[in-house]
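Undergrad: Structure supplied as query20.cif; contents: mmCIF, C-alpha atoms and all ligand atoms.
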```cif
data_start
#
loop_
_atom_site.label_atom_id
_atom_site.label_comp_id
_atom_site.auth_asym_id
_atom_site.auth_seq_id
_atom_site.Cartn_x
_atom_site.Cartn_y
_atom_site.Cartn_z
CA MET J 1190 -2.70 -30.37 -29.81
CA THR J 1191 0.00 -27.71 -30.08
CA PRO J 1192 -0.92 -24.71 -27.96
CA GLN J 1193 -1.76 -21.77 -30.21
CA SER J 1194 -0.35 -18.24 -30.04
CA ILE J 1195 -2.69 -15.86 -28.22
CA GLY J 1196 -2.66 -12.08 -28.53
CA ILE J 1197 -4.59 -8.86 -28.24
CA VAL J 1198 -6.50 -8.31 -31.49
CA ALA J 1199 -8.33 -5.10 -30.51
CA VAL J 1200 -8.40 -2.49 -27.75
CA GLY J 1201 -10.82 0.19 -26.55
CA ALA J 1202 -10.98 2.71 -23.72
CA TYR J 1203 -13.36 5.09 -22.05
CA ALA J 1204 -12.82 8.01 -19.69
CA PRO J 1205 -15.79 9.95 -18.35
CA PRO J 1206 -16.07 13.48 -19.79
CA GLY J 1207 -15.97 15.29 -16.42
CA ILE J 1208 -12.59 16.94 -15.76
CA VAL J 1209 -11.08 18.02 -12.44
CA THR J 1210 -8.03 20.23 -12.94
CA ASN J 1211 -5.28 20.94 -10.43
CA ALA J 1212 -6.74 24.44 -10.12
CA ASP J 1213 -10.06 22.88 -9.08
CA LEU J 1214 -8.25 20.95 -6.31
CA GLU J 1215 -6.52 24.14 -5.13
CA LYS J 1216 -9.99 25.30 -4.06
CA ILE J 1217 -10.59 22.18 -1.92
CA VAL J 1218 -7.24 21.38 -0.23
CA ASP J 1219 -4.01 23.20 0.55
CA THR J 1220 -2.16 22.36 -2.67
CA SER J 1221 -1.00 24.01 -5.88
CA ASP J 1222 -0.95 23.22 -9.57
CA GLU J 1223 2.82 23.62 -9.44
CA TRP J 1224 3.24 21.05 -6.61
CA ILE J 1225 0.99 18.49 -8.27
CA ARG J 1226 2.60 18.84 -11.71
CA THR J 1227 6.19 18.73 -10.48
CA ARG J 1228 5.70 16.01 -7.81
CA THR J 1229 3.38 13.74 -9.84
CA GLY J 1230 3.18 14.81 -13.51
CA ILE J 1231 -0.62 15.12 -13.28
CA SER J 1232 -2.46 18.12 -14.76
CA ARG J 1233 -6.04 16.86 -14.85
CA ARG J 1234 -8.09 13.75 -14.19
CA HIS J 1235 -11.35 12.44 -15.66
CA VAL J 1236 -14.02 12.00 -13.02
CA ALA J 1237 -17.31 10.11 -13.26
CA VAL J 1238 -20.54 11.71 -12.05
CA PRO J 1239 -21.45 10.52 -8.53
CA GLY J 1240 -23.32 7.22 -8.63
CA THR J 1241 -21.51 5.91 -11.72
CA ALA J 1242 -20.69 2.22 -11.35
CA THR J 1243 -17.36 0.82 -12.57
CA SER J 1244 -19.23 -1.46 -15.00
CA GLU J 1245 -20.69 1.67 -16.61
CA LEU J 1246 -17.16 2.83 -17.46
CA ALA J 1247 -16.16 -0.68 -18.57
CA LEU J 1248 -19.07 -1.09 -21.00
CA PRO J 1249 -18.20 1.64 -23.53
CA ALA J 1250 -14.53 0.54 -23.50
CA ALA J 1251 -15.64 -3.07 -24.08
CA ARG J 1252 -18.04 -2.15 -26.90
CA LEU J 1253 -15.30 -0.23 -28.71
CA ALA J 1254 -12.84 -3.14 -28.42
CA LEU J 1255 -15.46 -5.64 -29.64
CA GLU J 1256 -16.41 -3.41 -32.59
CA ARG J 1257 -12.74 -3.08 -33.61
CA ALA J 1258 -12.31 -6.86 -33.28
CA GLY J 1259 -15.39 -7.43 -35.45
CA LEU J 1260 -16.75 -9.67 -32.72
CA ALA J 1261 -20.37 -9.92 -31.52
CA PRO J 1262 -20.90 -10.07 -27.72
CA GLU J 1263 -22.46 -13.54 -28.11
CA GLU J 1264 -19.12 -14.80 -29.48
CA LEU J 1265 -17.31 -14.04 -26.21
CA ASP J 1266 -16.43 -17.07 -24.07
CA VAL J 1267 -15.08 -15.21 -21.04
CA ILE J 1268 -15.04 -11.70 -19.55
CA VAL J 1269 -12.50 -10.74 -16.89
CA VAL J 1270 -12.67 -7.40 -15.11
CA ALA J 1271 -9.66 -6.24 -13.14
CA THR J 1272 -10.80 -3.71 -10.57
CA CYS J 1273 -10.31 -2.66 -6.95
CA THR J 1274 -13.46 -0.54 -7.04
CA PRO J 1275 -16.16 -3.06 -8.02
CA ASP J 1276 -19.80 -2.03 -8.47
CA MET J 1277 -20.58 -4.04 -5.29
CA PRO J 1278 -18.85 -6.68 -3.14
CA LEU J 1279 -21.33 -9.17 -4.66
CA PRO J 1280 -21.79 -10.02 -7.53
CA SER J 1281 -18.69 -9.46 -9.64
CA THR J 1282 -18.48 -6.38 -11.84
CA ALA J 1283 -17.77 -8.74 -14.75
CA CYS J 1284 -21.32 -10.12 -14.43
CA PHE J 1285 -22.76 -6.62 -14.83
CA VAL J 1286 -20.58 -6.17 -17.92
CA GLN J 1287 -21.63 -9.59 -19.28
CA TYR J 1288 -25.30 -8.67 -18.93
CA GLY J 1289 -24.81 -5.13 -20.26
CA LEU J 1290 -23.06 -6.41 -23.38
CA GLY J 1291 -25.47 -9.28 -23.95
CA ALA J 1292 -22.56 -11.73 -23.91
CA THR J 1293 -24.94 -14.64 -23.49
CA HIS J 1294 -22.32 -17.41 -23.83
CA ALA J 1295 -19.59 -15.98 -21.62
CA ALA J 1296 -18.21 -16.85 -18.21
CA ALA J 1297 -17.45 -13.72 -16.15
CA PHE J 1298 -15.33 -12.98 -13.11
CA ASP J 1299 -13.25 -10.24 -11.46
CA ILE J 1300 -9.57 -10.18 -10.59
CA SER J 1301 -8.36 -8.20 -7.59
CA ALA J 1302 -4.75 -7.14 -7.97
CA ALA J 1303 -5.17 -3.36 -7.61
CA CYS J 1304 -3.21 -1.39 -10.19
CA THR J 1305 -1.52 -4.59 -11.46
CA GLY J 1306 -4.96 -6.05 -12.19
CA PHE J 1307 -4.95 -5.71 -15.96
CA ILE J 1308 -1.54 -7.42 -16.20
CA TYR J 1309 -2.71 -10.24 -13.89
CA ALA J 1310 -5.91 -10.69 -15.93
CA LEU J 1311 -4.05 -10.84 -19.26
CA ASN J 1312 -1.46 -13.23 -17.90
CA ILE J 1313 -4.02 -15.57 -16.34
CA ILE J 1314 -6.40 -15.70 -19.27
CA THR J 1315 -3.74 -16.26 -21.96
CA PRO J 1316 -2.86 -19.87 -21.03
CA ALA J 1317 -6.59 -20.68 -20.73
CA LEU J 1318 -7.01 -19.55 -24.35
CA LYS J 1319 -3.84 -21.35 -25.42
CA VAL J 1320 -5.13 -24.72 -24.31
CA GLY J 1321 -8.58 -24.08 -25.80
CA LEU J 1322 -10.61 -23.61 -22.59
CA PHE J 1323 -11.92 -20.37 -24.20
CA ARG J 1324 -11.68 -19.03 -27.75
CA ASN J 1325 -12.56 -15.32 -27.43
CA ALA J 1326 -11.79 -13.36 -24.27
CA LEU J 1327 -12.50 -9.81 -23.15
CA VAL J 1328 -10.08 -8.46 -20.54
CA ILE J 1329 -10.96 -5.14 -18.91
CA GLY J 1330 -9.17 -2.87 -16.46
CA ALA J 1331 -11.67 -0.46 -14.90
CA ASP J 1332 -11.70 1.66 -11.78
CA THR J 1333 -13.83 4.43 -10.31
CA LEU J 1334 -11.55 5.82 -7.63
CA THR J 1335 -13.32 9.13 -6.99
CA PRO J 1336 -15.85 7.74 -4.45
CA PHE J 1337 -12.92 6.17 -2.54
CA THR J 1338 -10.89 9.38 -2.52
CA ASP J 1339 -10.65 11.45 0.66
CA PHE J 1340 -10.92 15.04 -0.52
CA SER J 1341 -9.69 16.26 2.86
CA ASP J 1342 -6.34 14.45 2.41
CA ARG J 1343 -4.09 16.43 0.06
CA SER J 1344 -1.48 13.66 -0.11
CA THR J 1345 -3.87 11.27 -1.90
CA CYS J 1346 -6.75 13.28 -3.40
CA VAL J 1347 -4.60 14.79 -6.14
CA LEU J 1348 -3.49 11.41 -7.49
CA PHE J 1349 -6.55 9.50 -8.69
CA GLY J 1350 -9.18 9.48 -11.46
CA ASP J 1351 -11.73 7.24 -13.17
CA GLY J 1352 -11.62 5.25 -16.42
CA ALA J 1353 -11.59 1.90 -18.21
CA GLY J 1354 -9.73 0.08 -20.95
CA ALA J 1355 -10.50 -3.22 -22.68
CA ALA J 1356 -8.73 -5.76 -24.86
CA VAL J 1357 -10.05 -8.65 -26.96
CA LEU J 1358 -7.79 -11.71 -26.93
CA ARG J 1359 -7.86 -14.67 -29.26
CA ALA J 1360 -5.60 -16.83 -31.45
CA VAL J 1361 -3.11 -14.87 -33.57
CA PRO J 1362 -0.57 -15.97 -36.21
CA GLU J 1363 2.36 -18.03 -34.89
CA GLY J 1364 5.14 -15.85 -33.46
CA HIS J 1365 2.79 -12.98 -32.59
CA GLY J 1366 0.86 -12.36 -29.40
CA ILE J 1367 1.87 -12.81 -25.78
CA LEU J 1368 5.43 -14.09 -25.46
CA SER J 1369 5.98 -14.03 -21.72
CA SER J 1370 4.41 -12.98 -18.45
CA TYR J 1371 5.47 -12.33 -14.87
CA MET J 1372 3.45 -11.78 -11.71
CA ARG J 1373 4.47 -11.29 -8.10
CA ALA J 1374 2.95 -10.33 -4.77
CA ASP J 1375 4.26 -9.36 -1.33
CA GLY J 1376 1.50 -9.14 1.26
CA SER J 1377 3.95 -7.98 3.92
CA GLY J 1378 3.43 -4.56 2.33
CA SER J 1379 -0.36 -4.76 2.38
CA GLU J 1380 -0.69 -1.84 4.81
CA MET J 1381 1.03 0.55 2.40
CA LEU J 1382 -2.03 0.99 0.19
CA THR J 1383 -5.49 0.12 1.45
CA ILE J 1384 -9.20 0.91 1.48
CA PRO J 1385 -9.62 -0.61 4.95
CA GLY J 1386 -13.34 -0.14 5.64
CA GLY J 1387 -16.40 -1.93 4.30
CA GLY J 1388 -14.94 -5.45 4.13
CA SER J 1389 -15.14 -8.37 6.55
CA ARG J 1390 -12.30 -7.03 8.74
CA TYR J 1391 -13.88 -3.61 9.32
CA PRO J 1392 -17.53 -3.99 8.27
CA ALA J 1393 -19.28 -0.77 7.33
CA SER J 1394 -20.46 1.10 10.42
CA ALA J 1395 -20.92 4.67 11.59
CA GLU J 1396 -17.45 4.36 13.20
CA THR J 1397 -15.67 3.22 10.01
CA ILE J 1398 -17.26 6.08 8.12
CA ALA J 1399 -16.34 8.64 10.77
CA ALA J 1400 -12.74 7.34 10.65
CA HIS J 1401 -12.61 7.78 6.83
CA GLN J 1402 -11.87 4.06 6.47
CA HIS J 1403 -13.80 3.80 3.21
CA TYR J 1404 -11.20 5.96 1.51
CA ILE J 1405 -7.78 5.18 0.05
CA HIS J 1406 -4.97 5.22 2.63
CA MET J 1407 -1.42 5.24 1.38
CA ALA J 1408 2.16 5.50 2.59
CA GLY J 1409 3.22 7.43 -0.51
CA ASN J 1410 6.98 7.45 0.06
CA GLU J 1411 7.15 3.71 0.71
CA VAL J 1412 4.97 2.88 -2.27
CA PHE J 1413 7.22 5.07 -4.40
CA LYS J 1414 10.37 3.17 -3.42
CA PHE J 1415 8.67 -0.21 -3.87
CA ALA J 1416 7.34 0.84 -7.28
CA VAL J 1417 10.73 1.69 -8.75
CA ARG J 1418 12.23 -1.63 -7.64
CA ALA J 1419 9.16 -3.61 -8.74
CA VAL J 1420 9.01 -2.13 -12.24
CA GLU J 1421 12.72 -2.73 -12.76
CA ASP J 1422 12.36 -6.35 -11.60
CA ALA J 1423 9.26 -6.99 -13.74
CA ILE J 1424 10.85 -5.58 -16.90
CA ALA J 1425 14.04 -7.60 -16.46
CA THR J 1426 12.27 -10.87 -15.64
CA ALA J 1427 9.54 -10.71 -18.28
CA LEU J 1428 12.06 -9.84 -21.01
CA GLU J 1429 14.39 -12.63 -19.90
CA ARG J 1430 11.49 -15.11 -20.04
CA ALA J 1431 10.74 -13.96 -23.60
CA GLY J 1432 14.40 -14.37 -24.59
CA LEU J 1433 14.60 -10.63 -25.34
CA THR J 1434 16.54 -7.63 -24.06
CA THR J 1435 15.62 -3.99 -23.52
CA ALA J 1436 17.08 -3.24 -26.97
CA ASP J 1437 14.28 -5.29 -28.55
CA VAL J 1438 11.46 -3.28 -26.96
CA ASN J 1439 9.62 -0.90 -29.30
CA VAL J 1440 6.87 0.33 -26.97
CA VAL J 1441 6.63 0.36 -23.15
CA ILE J 1442 3.25 0.90 -21.49
CA PRO J 1443 3.90 1.46 -17.77
CA HIS J 1444 1.31 1.87 -15.04
CA GLN J 1445 0.76 5.62 -14.69
CA ALA J 1446 0.98 6.47 -10.97
CA ASN J 1447 3.64 9.17 -10.81
CA ILE J 1448 5.83 10.57 -13.59
CA ARG J 1449 8.80 10.52 -11.18
CA ILE J 1450 8.44 6.76 -10.73
CA ILE J 1451 8.57 6.33 -14.52
CA GLU J 1452 11.56 8.67 -14.81
CA ALA J 1453 13.41 6.84 -12.02
CA VAL J 1454 12.88 3.52 -13.85
CA GLN J 1455 13.93 5.07 -17.17
CA LYS J 1456 17.29 5.91 -15.57
CA ARG J 1457 17.74 2.28 -14.49
CA VAL J 1458 16.66 0.43 -17.63
CA ASN J 1459 18.09 0.98 -21.06
CA ILE J 1460 14.95 1.81 -23.08
CA PRO J 1461 14.93 5.23 -24.79
CA GLU J 1462 12.39 7.75 -23.46
CA GLU J 1463 10.51 8.09 -26.76
CA ARG J 1464 9.45 4.42 -26.55
CA TRP J 1465 7.44 4.99 -23.34
CA VAL J 1466 3.74 5.82 -23.58
CA ILE J 1467 2.90 8.43 -20.94
CA ASN J 1468 -0.50 10.07 -20.45
CA ILE J 1469 -0.62 10.57 -16.67
CA GLN J 1470 -0.94 14.32 -17.25
CA GLU J 1471 -4.45 13.78 -18.68
CA TYR J 1472 -5.87 10.86 -16.69
CA SER J 1473 -3.90 10.66 -13.39
CA ASN J 1474 -3.84 7.21 -11.75
CA THR J 1475 -6.92 5.19 -12.78
CA SER J 1476 -5.53 2.00 -11.17
CA ALA J 1477 -6.21 -1.10 -13.31
CA ALA J 1478 -7.31 1.14 -16.19
CA THR J 1479 -4.07 3.08 -16.77
CA ILE J 1480 -2.35 0.39 -18.85
CA PRO J 1481 -5.25 -0.43 -21.21
CA ILE J 1482 -6.09 3.30 -21.58
CA ALA J 1483 -2.46 4.01 -22.55
CA LEU J 1484 -2.38 0.95 -24.82
CA ASN J 1485 -5.52 2.20 -26.56
CA GLU J 1486 -3.97 5.65 -26.94
CA ALA J 1487 -0.79 4.17 -28.43
CA PHE J 1488 -2.92 2.15 -30.86
CA GLU J 1489 -5.02 5.18 -31.87
CA GLN J 1490 -1.92 7.33 -32.33
CA GLU J 1491 -0.41 4.57 -34.51
CA ARG J 1492 2.59 4.26 -32.21
CA ILE J 1493 2.38 0.44 -32.36
CA HIS J 1494 3.18 -1.35 -35.61
CA ASP J 1495 2.78 -4.91 -36.76
CA GLY J 1496 5.61 -7.02 -35.31
CA ASP J 1497 6.57 -4.51 -32.58
CA ILE J 1498 7.63 -5.80 -29.18
CA VAL J 1499 5.26 -4.21 -26.64
CA LEU J 1500 6.01 -4.37 -22.92
CA LEU J 1501 3.26 -3.75 -20.35
CA VAL J 1502 4.44 -3.28 -16.77
CA GLY J 1503 2.55 -2.48 -13.59
CA PHE J 1504 2.60 -2.37 -9.79
CA GLY J 1505 0.09 -1.63 -7.08
CA GLY J 1506 -1.53 -2.39 -3.77
CA GLY J 1507 -1.16 -5.85 -2.34
CA LEU J 1508 1.66 -5.31 -2.94
CA THR J 1509 1.54 -6.68 -6.46
CA TRP J 1510 3.60 -6.23 -9.60
CA GLY J 1511 4.06 -7.82 -13.00
CA ALA J 1512 4.64 -7.51 -16.72
CA THR J 1513 3.55 -8.88 -20.08
CA VAL J 1514 5.68 -9.01 -23.23
CA MET J 1515 3.97 -9.37 -26.61
CA ARG J 1516 4.73 -9.17 -30.31
CA TRP J 1517 1.99 -6.99 -31.86
C1 LIG R 1 2.28 10.73 -2.87
C2 LIG R 1 3.50 11.38 -3.48
C3 LIG R 1 3.13 12.16 -4.72
C4 LIG R 1 4.08 12.34 -2.47
O1 LIG R 1 5.22 12.96 -3.02
P1 LIG R 1 6.55 13.11 -2.16
O2 LIG R 1 7.49 13.87 -2.99
O3 LIG R 1 6.93 11.74 -1.70
O4 LIG R 1 6.06 14.01 -1.02
P2 LIG R 1 6.07 13.70 0.57
O5 LIG R 1 5.02 12.71 0.89
O6 LIG R 1 7.49 13.42 0.98
O7 LIG R 1 5.66 15.10 1.11
C5 LIG R 1 6.47 16.26 0.95
C6 LIG R 1 5.71 17.45 1.45
O8 LIG R 1 4.66 17.76 0.52
C7 LIG R 1 3.44 17.87 1.22
N1 LIG R 1 2.35 17.48 0.33
C8 LIG R 1 1.80 16.24 0.18
N2 LIG R 1 0.81 16.32 -0.72
C9 LIG R 1 0.73 17.60 -1.13
C10 LIG R 1 -0.08 18.28 -2.05
N3 LIG R 1 -1.05 17.68 -2.75
N4 LIG R 1 0.14 19.60 -2.24
C11 LIG R 1 1.10 20.25 -1.57
N5 LIG R 1 1.89 19.65 -0.68
C12 LIG R 1 1.72 18.34 -0.47
C13 LIG R 1 3.59 16.97 2.41
O9 LIG R 1 2.69 17.33 3.42
C14 LIG R 1 5.02 17.21 2.79
O10 LIG R 1 5.08 18.41 3.49
P3 LIG R 1 6.04 18.53 4.79
O11 LIG R 1 7.41 18.32 4.24
O12 LIG R 1 5.75 19.91 5.26
O13 LIG R 1 5.60 17.45 5.71
C15 LIG R 1 4.57 10.31 -3.84
O14 LIG R 1 5.12 9.77 -2.67
C16 LIG R 1 4.02 9.20 -4.68
O15 LIG R 1 3.58 9.41 -5.80
N6 LIG R 1 4.10 7.94 -4.18
C17 LIG R 1 3.64 6.80 -4.91
C18 LIG R 1 2.15 6.79 -4.88
C19 LIG R 1 1.59 5.81 -5.83
O16 LIG R 1 2.15 5.57 -6.86
N7 LIG R 1 0.46 5.26 -5.48
C20 LIG R 1 -0.27 4.39 -6.29
C21 LIG R 1 0.40 3.08 -6.42
S1 LIG R 1 -0.43 2.12 -7.60
#
```
Just dump the structure as structure tokens.
TA:
Amino acid sequence: MTPQSIGIVAVGAYAPPGIVTNADLEKIVDTSDEWIRTRTGISRRHVAVPGTATSELALPAARLALERAGLAPEELDVIVVATCTPDMPLPSTACFVQYGLGATHAAAFDISAACTGFIYALNIITPALKVGLFRNALVIGADTLTPFTDFSDRSTCVLFGDGAGAAVLRAVPEGHGILSSYMRADGSGSEMLTIPGGGSRYPASAETIAAHQHYIHMAGNEVFKFAVRAVEDAIATALERAGLTTADVNVVIPHQANIRIIEAVQKRVNIPEERWVINIQEYSNTSAATIPIALNEAFEQERIHDGDIVLLVGFGGGLTWGATVMRW
């Protein structure tokens, strides 16, 4: 059997309606709208009401993608949720999504690759569809970072928000769909971006809570330098694997962590600025959700046309990084 071409046939996204502006954060920590906008590109972030589970953000995004694909939940064979903020350590968030959708014939599991999670999930599930292990897949990037954000730490609390994006994958006409993928990890940099508490290494205790270990800890400057190198590497390698060059790329969807990271990469790779989809100003960094939210926005704004080469590229904690090249 010749492996079939597999692609994204529909996307959807959801961001909670609550908004926290930079001015709101000025009232909590010693920061300013000017600092946040110029150092990060962020103006506002969508924030879920306390007690919202990540699966509750994933579900509306998933329902929209399924509706656009014309697919019933029972037709799904597999659901993958990329998240670093699961509903619970056990079971997987994907199982909550599977039950919530009524996807009664689907397998379901999570992927943990931080902000690169959506890229990892796409890249892993594509070959499984190609060889016929599954026919219809739902890949979701969803994160609720607010409960893991330390609102006494100005260097991290301005950066993160909540949201979800989803994509339906299945067979597409020959020549379309996912053309190449690339994934890497470097655990020697694991300390650069962590939520240290609440796992097996530092089980939840009064001490871990007092030490703020259940919040995001980050060496911002080091992550910044890593990110620029990683994105450049991922773009070059994924395009080379697809037999394409930067000149062939119509739309780039980068992970949205800091506008200055994107601008630094733009200076190093030869892809005109107008081809990049950027919405960090509205959503901030929603980890695994930034890429599918931006992809959904590009789709809704009709920025992607049939036959376009679309490049997704991400990086994150782990450290992890990767890219996916597809013909829409
Ligand atoms: C976090 C980040 C925005 C910090 O920006 P930066 O330009 O590197 O700033 P620095 O950390 O060097 O800090 C510069 C100064 O700004 C201050 N500062 C930090 N956060 C601030 C804030 N929210 N408001 C005002 N000042 C702030 C620092 O305290 C420091 O002050 P000092 O010079 O008096 O010590 C930036 O490093 C970054 O975005 N890194 C990547 C993070 C990332 O992408 N994470 C997710 C990966 S998926």
Undergrad: For a test of reading the model, state the distance in Å between atom CA of J:Leu1334 and atom CA of J:Ala1302, rounded to one decimal.
TA: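 Between atom CA of J:Leu1334 and atom CA of J:Ala1302 the gap works out to 14.6 Å.
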Undergrad: Which protein, DNA or RNA residues have an atom within 8 Å of ligand LIG 1 (chain R), counting only C-alpha atoms and all ligand atoms, as an NGL selection string?
TA: :J and (1218-1221 or 1224-1225 or 1228-1229 or 1303-1305 or 1343-1348 or 1382 or 1407-1414 or 1416 or 1444-1447 or 1449-1450 or 1474 or 1476 or 1504-1506)
Undergrad: Find the residues around stretch 1426-1437 of chain J up to 12 Å (only C-alpha atoms counted), leave out those fewer than 4 positions away in its own chain, and share them as a PyMOL selection string.
TA: chain J and resi 1308+1312+1364+1366-1373+1419-1422+1441+1455+1457-1461+1464+1496-1503+1510-1516
Undergrad: Expressed in Å to a single decimal, how great is the separation between atom CA of J:Phe1349 and atom CA of J:Asn1485?
TA: 19.3 Å
Undergrad: Hey, can you check how far atom CA of J:Gly1306 sits from atom CA of J:Thr1383?
TA: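 Atom-to-atom, atom CA of J:Gly1306 and atom CA of J:Thr1383 are spaced 15.0 Å apart.
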Undergrad: Within 8 Å of stretch 1352-1355 of chain J, counting only C-alpha atoms, which residues show up once you throw out same-chain ones fewer than 6 positions away? Write them as a PyMOL selection string, please.
TA: chain J and resi 1200-1205+1235-1236+1246-1247+1250-1251+1254+1327-1333+1475+1477-1482+1485
Undergrad: I'd like the contact shell of J:Glu1263 - 12 Å cut-off, all atoms listed in the file, skipping same-chain residues fewer than 6 positions apart - returned as a PyMOL selection string.
TA: chain J and resi 1255+1287-1296+1325-1327
Undergrad: Kindly compute an axis-aligned box around the listed atoms of stretch 1300-1312 of chain J, allowing 8 Å on each side, and express its centre and edge lengths in Å to one decimal as AutoDock Vina command-line options.
TA:
```
--center_x -5.5 --center_y -7.3 --center_z -13.4 --size_x 24.1 --size_y 27.8 --size_z 27.7
```
Undergrad: Which is closest to J:Leu1318 among J:Asn1439, J:Ile1448, J:Val1269, J:Ser1194, if we use only C-alpha atoms?
TA: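 Using only C-alpha atoms, the shortest distance to J:Leu1318 belongs to J:Ser1194.
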